[in-house]
Protein chains: 2
Amino acid sequence: MHENPRPDRTATPIELIEQLARVAAAYYRHFAAAAAGHGLTLMQGKTLSLLTRPRSMRGLAGLLSCDASNVTGIVDRLEARDLVLREPDPSDRRVKNIALTEHGERTVRLIRADLMSGLTALEELTAEDRGALRSLLDRAFPETTSAAYRALPG
Amino acid sequence: MHENPRPDRTATPIELIEQLARVAAAYYRHFAAAAAGHGLTLMQGKTLSLLTRPRSMRGLAGLLSCDASNVTGIVDRLEARDLVLREPDPSDRRVKNIALTEHGERTVRLIRADLMSGLTALEELTAEDRGALRSLLDRAFPETTSAAYRALPG
DNA sequence: TATTGTTATACTCTATAACTATA
DNA sequence: TATAGTTATAGAGTATAACAATA
C-alpha cells in the first residue's frame, strides 16, 4: 500500500473549471437542439423558458444578461409567432409585461420534454446523487439558486 | 420526529436541469466578461481556450458546435489581431491547422486567470468537494470528459 | 466521389447611442 | 431628472448553399 496513491481523476480548480466549460457547452448544445426542433433559436427558447411568470422587458434583459434594446427584437419575433404577448402594466404605463400565450406555454413544455429526453444520463442519477450535485452546484455558484432568480424584480 | 420530514431542498430531475441552466448561464456570463476584458467576444475567447493544441477549421467547428463556415470569420478576426495563425497541414494540403501565437497563449492565460478570480466560490470548495462535483458532472454528462475532448480528431 | 476551407447570402444576436413617453 | 421601451446603426455569430482545391 502506497502512502500517496495516484488518483484516477484530478480535481484542481482549473480542471473543474474546464469541465464546467464542457458541461455548460453541452447543456446549451442540448437546449439549442430542443429549441431548434420547434423552429426557435437559443435566445428565443431561453426567453420562453424564463417566462415562468410575466416579466418586464428590462427584467428579461437582466435574466438574459443582455442589453434591453436586444429584447425588443427577440420579443417581437416571439410575439409574431403568437408565443408571447405584451401586456401594459397597470401601475406604471412605461412598463410592458411579457407573458406566455397558451401556445407559448405548450411550446415551452415540449422544449423542456425534448431537453430532458436528451439528458438521459442526468435522469438516471439516484435521488441522492441529484441532491448532492445540486448542493455542490449551489455552493459553487451561490448567485444562481432558484430562490435568488424568483426574487428578481421586473 | 417525523417519518417524512420535508427536505430543505428538492432535487427532482426538472429542478436539477433548471439549476444547470442557471449555472451554465452564470458560467458564460463570467467567461464573456473575462473575454471582454481583453476586447474579445464570447466565441473568440472560447476559440482561444479550445486551442490547447492546433486544430483544423473543421475540428474547431465541432468543438464550437457550429458550422465550419462560421469558423472562417472567427479565425479571420483572431488572426488579424495576431492571436492565432493558420498553418498548412503537411500531410493534407486541404487542411489548415490553427495554432495560438505567443500573444494568443498569453491572452488565454490572462482570460483564464480573470475567470478564476471571478469564480471565488468554486475555488473555496474543499478538494473533496471538487472531486465529488467533478465525478457527478462526469456521470451527468458522460460525453464531456476531458479524455473524450482530447481524443477528438482535427 | 468525398472532404476541406471559403464565399455569398440572409437572418439573428449584440452593444451603443439617441429618442419618446412616462415617472 | 431618471427610467422603460424603442429605434437606428454597425458589428459579430449563424445555417444554408455553392464553389475551388485536394484527397
# chains A, B, ... in the order shown; residues from 1 in each chain; ligands from 1
$ interface_residues --of "chain D" --to "chain A" --cutoff "9 Å" --atoms "only C-alpha atoms (C1' of nucleotides)" --output "number ranges by chain"
D: 3-7
$ write_last_selection --atoms "N, CA and C atoms (P, O5', C5', C4', C3', O3' and C1' of nucleotides)" --output "short mmCIF file (atom, residue, chain, number, x, y, z; two decimals), in the first residue's frame"
data_model
loop_
_atom_site.label_atom_id
_atom_site.label_comp_id
_atom_site.auth_asym_id
_atom_site.auth_seq_id
_atom_site.Cartn_x
_atom_site.Cartn_y
_atom_site.Cartn_z
P DT D 3 -32.42 56.05 -12.76
"O5'" DT D 3 -33.66 55.42 -13.53
"C5'" DT D 3 -34.90 55.29 -12.85
"C4'" DT D 3 -35.95 54.80 -13.81
"C3'" DT D 3 -35.51 53.59 -14.63
"O3'" DT D 3 -36.51 52.59 -14.52
"C1'" DT D 3 -36.40 55.26 -16.03
P DA D 4 -36.35 51.16 -15.28
"O5'" DA D 4 -37.38 51.30 -16.48
"C5'" DA D 4 -38.77 51.27 -16.21
"C4'" DA D 4 -39.56 51.02 -17.48
"C3'" DA D 4 -39.03 49.85 -18.31
"O3'" DA D 4 -40.11 49.06 -18.78
"C1'" DA D 4 -38.89 51.89 -19.56
P DG D 5 -39.82 47.75 -19.68
"O5'" DG D 5 -39.84 48.33 -21.17
"C5'" DG D 5 -41.07 48.76 -21.71
"C4'" DG D 5 -40.82 49.46 -23.04
"C3'" DG D 5 -40.21 48.57 -24.12
"O3'" DG D 5 -41.17 48.39 -25.16
"C1'" DG D 5 -39.16 50.71 -24.02
P DT D 6 -40.79 47.55 -26.51
"O5'" DT D 6 -40.16 48.65 -27.47
"C5'" DT D 6 -40.94 49.78 -27.81
"C4'" DT D 6 -40.13 50.75 -28.64
"C3'" DT D 6 -39.54 50.14 -29.92
"O3'" DT D 6 -40.24 50.71 -31.02
"C1'" DT D 6 -37.98 51.55 -28.75
P DT D 7 -39.93 50.17 -32.52
"O5'" DT D 7 -38.68 51.03 -32.99
"C5'" DT D 7 -38.83 52.43 -33.20
"C4'" DT D 7 -37.48 53.04 -33.54
"C3'" DT D 7 -36.79 52.42 -34.75
"O3'" DT D 7 -36.60 53.44 -35.73
"C1'" DT D 7 -35.28 52.69 -32.92
#
$ residues_around --residues "region 7-19 of chain C" --least-positions-apart "3" --cutoff "8 Å" --atoms "only C-alpha atoms (C1' of nucleotides)" --output "PDB file with C-alpha atoms (C1' of nucleotides), in the first residue's frame"
ATOM      1  CA  CYS A  66     -28.041  41.316 -22.473  1.00  0.00           C
ATOM      2  CA  ASP A  67     -28.896  44.930 -23.177  1.00  0.00           C
ATOM      3  CA  ASN A  70     -31.984  43.417 -27.760  1.00  0.00           C
TER       4      ASN A  70
ATOM      5  C1'  DT D   7     -35.283  52.689 -32.917  1.00  0.00           C
ATOM      6  C1'  DA D  12     -20.484  39.673 -34.822  1.00  0.00           C
ATOM      7  C1'  DG D  13     -22.454  34.968 -34.880  1.00  0.00           C
ATOM      8  C1'  DT D  14     -25.476  31.543 -37.504  1.00  0.00           C
ATOM      9  C1'  DC D  19     -17.550  26.830 -55.111  1.00  0.00           C
TER      10       DC D  19
END
$ calpha_fit_and_write --fixed "chain A" --moving "chain B" --output "short mmCIF file (atom, residue, chain, number, x, y, z; two decimals) with N, CA and C atoms, in the first residue's frame"
data_model
loop_
_atom_site.label_atom_id
_atom_site.label_comp_id
_atom_site.auth_asym_id
_atom_site.auth_seq_id
_atom_site.Cartn_x
_atom_site.Cartn_y
_atom_site.Cartn_z
N MET B 1 0.85 -1.38 -0.32
CA MET B 1 -0.01 -0.17 -0.27
C MET B 1 0.86 1.09 -0.24
N HIS B 2 0.56 2.01 -1.11
CA HIS B 2 1.36 3.24 -1.19
C HIS B 2 0.81 4.30 -0.26
N GLU B 3 1.70 5.20 0.14
CA GLU B 3 1.26 6.33 0.98
C GLU B 3 0.47 7.35 0.17
N ASN B 4 0.90 7.52 -1.08
CA ASN B 4 0.30 8.56 -1.90
C ASN B 4 -0.17 7.98 -3.23
N PRO B 5 -1.20 7.17 -3.19
CA PRO B 5 -1.63 6.54 -4.45
C PRO B 5 -2.08 7.61 -5.43
N ARG B 6 -1.72 7.42 -6.69
CA ARG B 6 -2.11 8.40 -7.70
C ARG B 6 -3.61 8.29 -7.96
N PRO B 7 -4.35 9.36 -7.76
CA PRO B 7 -5.81 9.28 -7.97
C PRO B 7 -6.12 9.16 -9.45
N ASP B 8 -7.21 8.48 -9.74
CA ASP B 8 -7.63 8.33 -11.13
C ASP B 8 -7.95 9.69 -11.75
N ARG B 9 -8.52 10.59 -10.96
CA ARG B 9 -9.04 11.82 -11.51
C ARG B 9 -8.54 12.98 -10.68
N THR B 10 -8.11 14.02 -11.35
CA THR B 10 -7.70 15.21 -10.64
C THR B 10 -8.91 16.12 -10.48
N ALA B 11 -8.85 17.03 -9.54
CA ALA B 11 -9.95 17.95 -9.33
C ALA B 11 -9.42 19.28 -8.81
N THR B 12 -8.38 19.79 -9.47
CA THR B 12 -7.92 21.13 -9.15
C THR B 12 -8.97 22.12 -9.59
N PRO B 13 -8.95 23.35 -9.05
CA PRO B 13 -9.92 24.35 -9.51
C PRO B 13 -9.87 24.52 -11.02
N ILE B 14 -8.69 24.50 -11.62
CA ILE B 14 -8.58 24.67 -13.07
C ILE B 14 -9.28 23.54 -13.80
N GLU B 15 -8.99 22.30 -13.38
CA GLU B 15 -9.64 21.15 -14.02
C GLU B 15 -11.16 21.25 -13.91
N LEU B 16 -11.60 21.68 -12.73
CA LEU B 16 -13.05 21.76 -12.51
C LEU B 16 -13.67 22.84 -13.40
N ILE B 17 -12.98 23.97 -13.53
CA ILE B 17 -13.49 25.04 -14.39
C ILE B 17 -13.54 24.56 -15.84
N GLU B 18 -12.52 23.81 -16.25
CA GLU B 18 -12.54 23.31 -17.63
C GLU B 18 -13.70 22.35 -17.85
N GLN B 19 -13.98 21.52 -16.83
CA GLN B 19 -15.11 20.62 -17.01
C GLN B 19 -16.43 21.38 -17.00
N LEU B 20 -16.51 22.41 -16.17
CA LEU B 20 -17.73 23.22 -16.18
C LEU B 20 -17.93 23.87 -17.54
N ALA B 21 -16.83 24.28 -18.17
CA ALA B 21 -16.94 24.85 -19.52
C ALA B 21 -17.52 23.83 -20.48
N ARG B 22 -17.06 22.60 -20.39
CA ARG B 22 -17.58 21.56 -21.29
C ARG B 22 -19.03 21.25 -20.98
N VAL B 23 -19.38 21.21 -19.69
CA VAL B 23 -20.77 20.91 -19.31
C VAL B 23 -21.69 22.04 -19.75
N ALA B 24 -21.26 23.29 -19.56
CA ALA B 24 -22.09 24.42 -19.99
C ALA B 24 -22.30 24.35 -21.50
N ALA B 25 -21.24 24.04 -22.25
CA ALA B 25 -21.37 23.94 -23.70
C ALA B 25 -22.32 22.81 -24.07
N ALA B 26 -22.19 21.67 -23.38
CA ALA B 26 -23.06 20.53 -23.68
C ALA B 26 -24.51 20.87 -23.35
N TYR B 27 -24.71 21.55 -22.23
CA TYR B 27 -26.08 21.92 -21.87
C TYR B 27 -26.71 22.77 -22.96
N TYR B 28 -25.98 23.79 -23.43
CA TYR B 28 -26.55 24.68 -24.45
C TYR B 28 -26.70 23.97 -25.79
N ARG B 29 -25.82 23.03 -26.07
CA ARG B 29 -25.97 22.26 -27.31
C ARG B 29 -27.28 21.49 -27.28
N HIS B 30 -27.56 20.82 -26.15
CA HIS B 30 -28.82 20.09 -26.01
C HIS B 30 -30.01 21.05 -26.06
N PHE B 31 -29.87 22.17 -25.33
CA PHE B 31 -31.01 23.10 -25.28
C PHE B 31 -31.29 23.70 -26.65
N ALA B 32 -30.24 24.11 -27.36
CA ALA B 32 -30.41 24.70 -28.68
C ALA B 32 -31.05 23.69 -29.63
N ALA B 33 -30.67 22.42 -29.51
CA ALA B 33 -31.26 21.40 -30.37
C ALA B 33 -32.75 21.25 -30.07
N ALA B 34 -33.10 21.27 -28.78
CA ALA B 34 -34.52 21.16 -28.40
C ALA B 34 -35.30 22.35 -28.92
N ALA B 35 -34.73 23.56 -28.80
CA ALA B 35 -35.41 24.76 -29.29
C ALA B 35 -35.53 24.72 -30.81
N ALA B 36 -34.46 24.30 -31.49
CA ALA B 36 -34.47 24.24 -32.95
C ALA B 36 -35.55 23.27 -33.44
N GLY B 37 -35.82 22.23 -32.66
CA GLY B 37 -36.87 21.29 -33.03
C GLY B 37 -38.23 21.95 -33.12
N HIS B 38 -38.35 23.14 -32.52
CA HIS B 38 -39.61 23.88 -32.62
C HIS B 38 -39.42 25.19 -33.38
N GLY B 39 -38.35 25.24 -34.19
CA GLY B 39 -38.13 26.39 -35.05
C GLY B 39 -37.67 27.62 -34.30
N LEU B 40 -37.09 27.43 -33.11
CA LEU B 40 -36.68 28.58 -32.29
C LEU B 40 -35.16 28.59 -32.12
N THR B 41 -34.61 29.79 -31.99
CA THR B 41 -33.19 29.92 -31.70
C THR B 41 -32.95 29.71 -30.20
N LEU B 42 -31.67 29.64 -29.86
CA LEU B 42 -31.29 29.49 -28.44
C LEU B 42 -31.89 30.61 -27.61
N MET B 43 -31.72 31.86 -28.04
CA MET B 43 -32.20 32.99 -27.23
C MET B 43 -33.72 33.00 -27.16
N GLN B 44 -34.39 32.63 -28.24
CA GLN B 44 -35.85 32.59 -28.21
C GLN B 44 -36.32 31.51 -27.23
N GLY B 45 -35.69 30.34 -27.28
CA GLY B 45 -36.05 29.27 -26.35
C GLY B 45 -35.76 29.66 -24.92
N LYS B 46 -34.61 30.30 -24.70
CA LYS B 46 -34.25 30.75 -23.36
C LYS B 46 -35.29 31.73 -22.83
N THR B 47 -35.69 32.66 -23.69
CA THR B 47 -36.66 33.67 -23.28
C THR B 47 -37.97 33.01 -22.86
N LEU B 48 -38.46 32.07 -23.67
CA LEU B 48 -39.69 31.37 -23.29
C LEU B 48 -39.52 30.67 -21.93
N SER B 49 -38.38 30.02 -21.75
CA SER B 49 -38.17 29.25 -20.52
C SER B 49 -38.12 30.16 -19.29
N LEU B 50 -37.72 31.42 -19.49
CA LEU B 50 -37.61 32.34 -18.35
C LEU B 50 -38.95 32.93 -17.96
N LEU B 51 -39.96 32.76 -18.81
CA LEU B 51 -41.25 33.39 -18.55
C LEU B 51 -42.16 32.49 -17.70
N THR B 52 -41.63 32.00 -16.58
CA THR B 52 -42.47 31.24 -15.65
C THR B 52 -43.52 32.15 -15.03
N ARG B 53 -43.25 33.44 -15.08
CA ARG B 53 -44.28 34.45 -14.77
C ARG B 53 -44.00 35.65 -15.65
N PRO B 54 -44.97 36.55 -15.84
CA PRO B 54 -44.70 37.71 -16.70
C PRO B 54 -43.49 38.50 -16.20
N ARG B 55 -42.73 39.00 -17.16
CA ARG B 55 -41.53 39.78 -16.83
C ARG B 55 -41.54 41.04 -17.69
N SER B 56 -41.03 42.12 -17.15
CA SER B 56 -40.86 43.34 -17.94
C SER B 56 -39.73 43.14 -18.93
N MET B 57 -39.66 44.01 -19.93
CA MET B 57 -38.58 43.94 -20.91
C MET B 57 -37.23 44.02 -20.20
N ARG B 58 -37.10 44.93 -19.28
CA ARG B 58 -35.81 45.07 -18.59
C ARG B 58 -35.55 43.90 -17.65
N GLY B 59 -36.61 43.35 -17.07
CA GLY B 59 -36.43 42.15 -16.26
C GLY B 59 -35.89 41.01 -17.10
N LEU B 60 -36.45 40.86 -18.31
CA LEU B 60 -35.95 39.82 -19.22
C LEU B 60 -34.51 40.09 -19.60
N ALA B 61 -34.18 41.35 -19.87
CA ALA B 61 -32.80 41.68 -20.25
C ALA B 61 -31.83 41.24 -19.14
N GLY B 62 -32.23 41.46 -17.90
CA GLY B 62 -31.37 41.03 -16.79
C GLY B 62 -31.22 39.53 -16.76
N LEU B 63 -32.34 38.80 -16.92
CA LEU B 63 -32.27 37.34 -16.89
C LEU B 63 -31.48 36.79 -18.07
N LEU B 64 -31.54 37.49 -19.21
CA LEU B 64 -30.83 37.04 -20.41
C LEU B 64 -29.39 37.57 -20.43
N SER B 65 -29.05 38.42 -19.48
CA SER B 65 -27.71 39.02 -19.45
C SER B 65 -27.38 39.72 -20.77
N CYS B 66 -28.32 40.52 -21.25
CA CYS B 66 -28.03 41.30 -22.45
C CYS B 66 -28.67 42.67 -22.31
N ASP B 67 -28.34 43.57 -23.22
CA ASP B 67 -28.90 44.91 -23.15
C ASP B 67 -30.40 44.89 -23.45
N ALA B 68 -31.12 45.82 -22.81
CA ALA B 68 -32.58 45.86 -22.98
C ALA B 68 -32.96 46.07 -24.45
N SER B 69 -32.12 46.75 -25.21
CA SER B 69 -32.49 47.03 -26.60
C SER B 69 -32.59 45.74 -27.42
N ASN B 70 -31.86 44.71 -27.01
CA ASN B 70 -31.93 43.45 -27.75
C ASN B 70 -33.27 42.75 -27.54
N VAL B 71 -33.84 42.94 -26.37
CA VAL B 71 -35.05 42.20 -26.01
C VAL B 71 -36.21 42.59 -26.93
N THR B 72 -36.21 43.84 -27.37
CA THR B 72 -37.27 44.29 -28.27
C THR B 72 -37.39 43.36 -29.47
N GLY B 73 -36.27 43.09 -30.14
CA GLY B 73 -36.30 42.24 -31.32
C GLY B 73 -36.67 40.81 -31.01
N ILE B 74 -36.11 40.28 -29.91
CA ILE B 74 -36.39 38.89 -29.55
C ILE B 74 -37.89 38.72 -29.26
N VAL B 75 -38.45 39.64 -28.47
CA VAL B 75 -39.87 39.55 -28.13
C VAL B 75 -40.73 39.82 -29.37
N ASP B 76 -40.29 40.73 -30.24
CA ASP B 76 -41.00 40.95 -31.51
C ASP B 76 -41.19 39.64 -32.26
N ARG B 77 -40.10 38.89 -32.39
CA ARG B 77 -40.17 37.65 -33.18
C ARG B 77 -41.03 36.60 -32.49
N LEU B 78 -40.97 36.54 -31.15
CA LEU B 78 -41.82 35.59 -30.43
C LEU B 78 -43.29 36.00 -30.52
N GLU B 79 -43.52 37.31 -30.45
CA GLU B 79 -44.90 37.79 -30.50
C GLU B 79 -45.51 37.55 -31.88
N ALA B 80 -44.68 37.71 -32.93
CA ALA B 80 -45.17 37.49 -34.29
C ALA B 80 -45.59 36.05 -34.49
N ARG B 81 -45.07 35.14 -33.66
CA ARG B 81 -45.45 33.73 -33.77
C ARG B 81 -46.44 33.32 -32.69
N ASP B 82 -47.02 34.31 -32.03
CA ASP B 82 -48.06 34.05 -31.03
C ASP B 82 -47.56 33.20 -29.87
N LEU B 83 -46.28 33.37 -29.50
CA LEU B 83 -45.75 32.62 -28.38
C LEU B 83 -45.77 33.44 -27.09
N VAL B 84 -45.69 34.76 -27.23
CA VAL B 84 -45.78 35.66 -26.07
C VAL B 84 -46.65 36.85 -26.46
N LEU B 85 -47.05 37.62 -25.45
CA LEU B 85 -47.73 38.88 -25.73
C LEU B 85 -47.27 39.94 -24.75
N ARG B 86 -47.37 41.21 -25.19
CA ARG B 86 -46.99 42.35 -24.35
C ARG B 86 -48.25 42.89 -23.68
N GLU B 87 -48.22 42.96 -22.37
CA GLU B 87 -49.35 43.52 -21.64
C GLU B 87 -48.90 44.81 -20.96
N PRO B 88 -49.70 45.87 -21.07
CA PRO B 88 -49.33 47.11 -20.37
C PRO B 88 -49.42 46.90 -18.86
N ASP B 89 -48.47 47.49 -18.14
CA ASP B 89 -48.48 47.37 -16.68
C ASP B 89 -49.46 48.39 -16.12
N PRO B 90 -50.41 47.94 -15.28
CA PRO B 90 -51.43 48.88 -14.80
C PRO B 90 -50.87 49.96 -13.87
N SER B 91 -49.76 49.65 -13.18
CA SER B 91 -49.28 50.60 -12.18
C SER B 91 -48.17 51.51 -12.71
N ASP B 92 -47.63 51.21 -13.88
CA ASP B 92 -46.57 52.05 -14.46
C ASP B 92 -46.68 51.96 -15.97
N ARG B 93 -47.17 53.00 -16.56
CA ARG B 93 -47.49 52.91 -17.98
C ARG B 93 -46.27 52.87 -18.88
N ARG B 94 -45.08 53.04 -18.32
CA ARG B 94 -43.88 52.86 -19.14
C ARG B 94 -43.61 51.38 -19.37
N VAL B 95 -44.05 50.54 -18.42
CA VAL B 95 -43.64 49.13 -18.40
C VAL B 95 -44.57 48.26 -19.23
N LYS B 96 -43.96 47.30 -19.96
CA LYS B 96 -44.74 46.26 -20.64
C LYS B 96 -44.38 44.92 -20.02
N ASN B 97 -45.40 44.18 -19.64
CA ASN B 97 -45.15 42.86 -19.08
C ASN B 97 -45.33 41.80 -20.16
N ILE B 98 -44.31 40.97 -20.32
CA ILE B 98 -44.32 39.94 -21.34
C ILE B 98 -44.79 38.64 -20.71
N ALA B 99 -45.78 38.03 -21.32
CA ALA B 99 -46.35 36.79 -20.78
C ALA B 99 -46.43 35.75 -21.89
N LEU B 100 -46.35 34.48 -21.51
CA LEU B 100 -46.54 33.39 -22.46
C LEU B 100 -48.01 33.33 -22.87
N THR B 101 -48.25 33.09 -24.16
CA THR B 101 -49.59 32.72 -24.60
C THR B 101 -49.79 31.24 -24.30
N GLU B 102 -50.99 30.75 -24.57
CA GLU B 102 -51.22 29.31 -24.38
C GLU B 102 -50.28 28.51 -25.29
N HIS B 103 -50.13 28.99 -26.51
CA HIS B 103 -49.21 28.34 -27.44
C HIS B 103 -47.78 28.37 -26.89
N GLY B 104 -47.41 29.48 -26.28
CA GLY B 104 -46.09 29.59 -25.67
C GLY B 104 -45.90 28.61 -24.53
N GLU B 105 -46.93 28.48 -23.69
CA GLU B 105 -46.87 27.53 -22.57
C GLU B 105 -46.66 26.11 -23.09
N ARG B 106 -47.45 25.78 -24.13
CA ARG B 106 -47.36 24.43 -24.69
C ARG B 106 -45.95 24.20 -25.25
N THR B 107 -45.44 25.20 -25.99
CA THR B 107 -44.13 25.06 -26.63
C THR B 107 -43.03 24.90 -25.59
N VAL B 108 -43.10 25.67 -24.53
CA VAL B 108 -42.05 25.59 -23.53
C VAL B 108 -42.06 24.23 -22.84
N ARG B 109 -43.24 23.66 -22.68
CA ARG B 109 -43.30 22.32 -22.09
C ARG B 109 -42.69 21.28 -23.03
N LEU B 110 -42.97 21.43 -24.32
CA LEU B 110 -42.42 20.48 -25.29
C LEU B 110 -40.89 20.59 -25.35
N ILE B 111 -40.38 21.82 -25.33
CA ILE B 111 -38.93 22.01 -25.36
C ILE B 111 -38.30 21.36 -24.13
N ARG B 112 -38.92 21.58 -22.97
CA ARG B 112 -38.37 21.01 -21.74
C ARG B 112 -38.36 19.47 -21.82
N ALA B 113 -39.44 18.91 -22.36
CA ALA B 113 -39.51 17.45 -22.47
C ALA B 113 -38.42 16.94 -23.41
N ASP B 114 -38.24 17.63 -24.55
CA ASP B 114 -37.19 17.21 -25.49
C ASP B 114 -35.82 17.33 -24.85
N LEU B 115 -35.62 18.41 -24.10
CA LEU B 115 -34.33 18.59 -23.43
C LEU B 115 -34.08 17.45 -22.46
N MET B 116 -35.08 17.11 -21.66
CA MET B 116 -34.90 16.04 -20.68
C MET B 116 -34.63 14.71 -21.36
N SER B 117 -35.32 14.46 -22.46
CA SER B 117 -35.10 13.17 -23.12
C SER B 117 -33.71 13.13 -23.75
N GLY B 118 -33.07 14.29 -23.95
CA GLY B 118 -31.70 14.31 -24.45
C GLY B 118 -30.67 14.19 -23.35
N LEU B 119 -31.10 14.37 -22.11
CA LEU B 119 -30.17 14.31 -20.96
C LEU B 119 -30.45 13.06 -20.14
N THR B 120 -30.38 11.92 -20.80
CA THR B 120 -30.77 10.68 -20.13
C THR B 120 -29.86 10.36 -18.95
N ALA B 121 -28.55 10.62 -19.12
CA ALA B 121 -27.62 10.27 -18.05
C ALA B 121 -27.98 11.02 -16.77
N LEU B 122 -28.44 12.24 -16.93
CA LEU B 122 -28.80 13.05 -15.77
C LEU B 122 -30.00 12.47 -15.04
N GLU B 123 -30.94 11.97 -15.81
CA GLU B 123 -32.14 11.41 -15.18
C GLU B 123 -31.86 10.07 -14.51
N GLU B 124 -30.77 9.44 -14.93
CA GLU B 124 -30.47 8.13 -14.36
C GLU B 124 -29.72 8.22 -13.04
N LEU B 125 -29.36 9.43 -12.63
CA LEU B 125 -28.73 9.58 -11.32
C LEU B 125 -29.73 9.21 -10.22
N THR B 126 -29.23 8.71 -9.12
CA THR B 126 -30.11 8.45 -7.98
C THR B 126 -30.54 9.78 -7.38
N ALA B 127 -31.62 9.74 -6.62
CA ALA B 127 -32.10 10.96 -5.96
C ALA B 127 -31.00 11.52 -5.05
N GLU B 128 -30.26 10.63 -4.45
CA GLU B 128 -29.19 11.07 -3.55
C GLU B 128 -28.11 11.81 -4.34
N ASP B 129 -27.74 11.25 -5.48
CA ASP B 129 -26.72 11.90 -6.31
C ASP B 129 -27.22 13.25 -6.84
N ARG B 130 -28.47 13.29 -7.23
CA ARG B 130 -29.02 14.57 -7.70
C ARG B 130 -28.97 15.61 -6.60
N GLY B 131 -29.32 15.20 -5.39
CA GLY B 131 -29.27 16.13 -4.26
C GLY B 131 -27.86 16.62 -4.01
N ALA B 132 -26.91 15.69 -4.08
CA ALA B 132 -25.51 16.07 -3.85
C ALA B 132 -25.03 17.02 -4.93
N LEU B 133 -25.38 16.71 -6.19
CA LEU B 133 -24.95 17.58 -7.29
C LEU B 133 -25.57 18.97 -7.14
N ARG B 134 -26.84 18.98 -6.81
CA ARG B 134 -27.50 20.28 -6.65
C ARG B 134 -26.87 21.09 -5.53
N SER B 135 -26.59 20.43 -4.44
CA SER B 135 -26.00 21.14 -3.30
C SER B 135 -24.63 21.70 -3.66
N LEU B 136 -23.84 20.90 -4.36
CA LEU B 136 -22.50 21.36 -4.73
C LEU B 136 -22.57 22.51 -5.73
N LEU B 137 -23.50 22.44 -6.68
CA LEU B 137 -23.65 23.52 -7.65
C LEU B 137 -24.09 24.81 -6.96
N ASP B 138 -24.97 24.66 -5.98
CA ASP B 138 -25.40 25.83 -5.22
C ASP B 138 -24.22 26.51 -4.54
N ARG B 139 -23.32 25.68 -4.00
CA ARG B 139 -22.19 26.26 -3.28
C ARG B 139 -21.17 26.82 -4.24
N ALA B 140 -21.04 26.21 -5.43
CA ALA B 140 -20.06 26.70 -6.40
C ALA B 140 -20.55 27.97 -7.09
N PHE B 141 -21.88 28.11 -7.23
CA PHE B 141 -22.47 29.29 -7.88
C PHE B 141 -23.59 29.84 -7.00
N PRO B 142 -23.22 30.44 -5.87
CA PRO B 142 -24.25 30.83 -4.90
C PRO B 142 -25.22 31.88 -5.43
N GLU B 143 -24.87 32.56 -6.54
CA GLU B 143 -25.78 33.57 -7.07
C GLU B 143 -26.86 32.95 -7.93
N THR B 144 -26.84 31.63 -8.12
CA THR B 144 -27.77 31.02 -9.08
C THR B 144 -28.84 30.15 -8.44
N THR B 145 -29.10 30.30 -7.15
CA THR B 145 -30.16 29.49 -6.55
C THR B 145 -31.50 29.89 -7.16
N SER B 146 -32.43 28.97 -7.13
CA SER B 146 -33.73 29.24 -7.74
C SER B 146 -34.44 30.35 -6.97
N ALA B 147 -34.23 30.40 -5.65
CA ALA B 147 -34.86 31.45 -4.84
C ALA B 147 -34.37 32.83 -5.28
N ALA B 148 -33.08 32.94 -5.57
CA ALA B 148 -32.52 34.22 -5.99
C ALA B 148 -33.15 34.65 -7.31
N TYR B 149 -33.38 33.71 -8.21
CA TYR B 149 -33.96 34.04 -9.51
C TYR B 149 -35.43 34.46 -9.37
N ARG B 150 -36.15 33.72 -8.54
CA ARG B 150 -37.58 34.04 -8.38
C ARG B 150 -37.76 35.43 -7.79
N ALA B 151 -36.82 35.83 -6.91
CA ALA B 151 -36.98 37.09 -6.19
C ALA B 151 -36.66 38.31 -7.03
N LEU B 152 -36.08 38.10 -8.22
CA LEU B 152 -35.68 39.25 -9.03
C LEU B 152 -36.89 40.10 -9.41
N PRO B 153 -36.77 41.41 -9.39
CA PRO B 153 -37.88 42.28 -9.77
C PRO B 153 -38.09 42.28 -11.27
N GLY B 154 -39.16 42.88 -11.71
CA GLY B 154 -39.43 42.99 -13.17
C GLY B 154 -40.16 41.79 -13.66
#
$ closest_atom_pairs --of "chain C" --to "chain B" --cutoff "9 Å" --atoms "only C-alpha atoms (C1' of nucleotides)" --output "JSON lines"
{"residue": "C:DT3", "atom": "C1'", "partner": "B:Arg94", "partner_atom": "CA", "distance": 8.5}
{"residue": "C:DT4", "atom": "C1'", "partner": "B:Arg94", "partner_atom": "CA", "distance": 5.1}
{"residue": "C:DG5", "atom": "C1'", "partner": "B:Arg94", "partner_atom": "CA", "distance": 7.2}
{"residue": "C:DT6", "atom": "C1'", "partner": "B:Thr72", "partner_atom": "CA", "distance": 7.3}
{"residue": "C:DT7", "atom": "C1'", "partner": "B:Ser69", "partner_atom": "CA", "distance": 8.9}
$ select_by_dssp --residues "region 42-153 of chain B" --states "strand (DSSP E)" --output "list in words"
Arg55, Ser56, Val84, Leu85, Arg86, Glu87, Pro88, Lys96, Asn97, Ile98, Ala99 and Leu100 of chain B
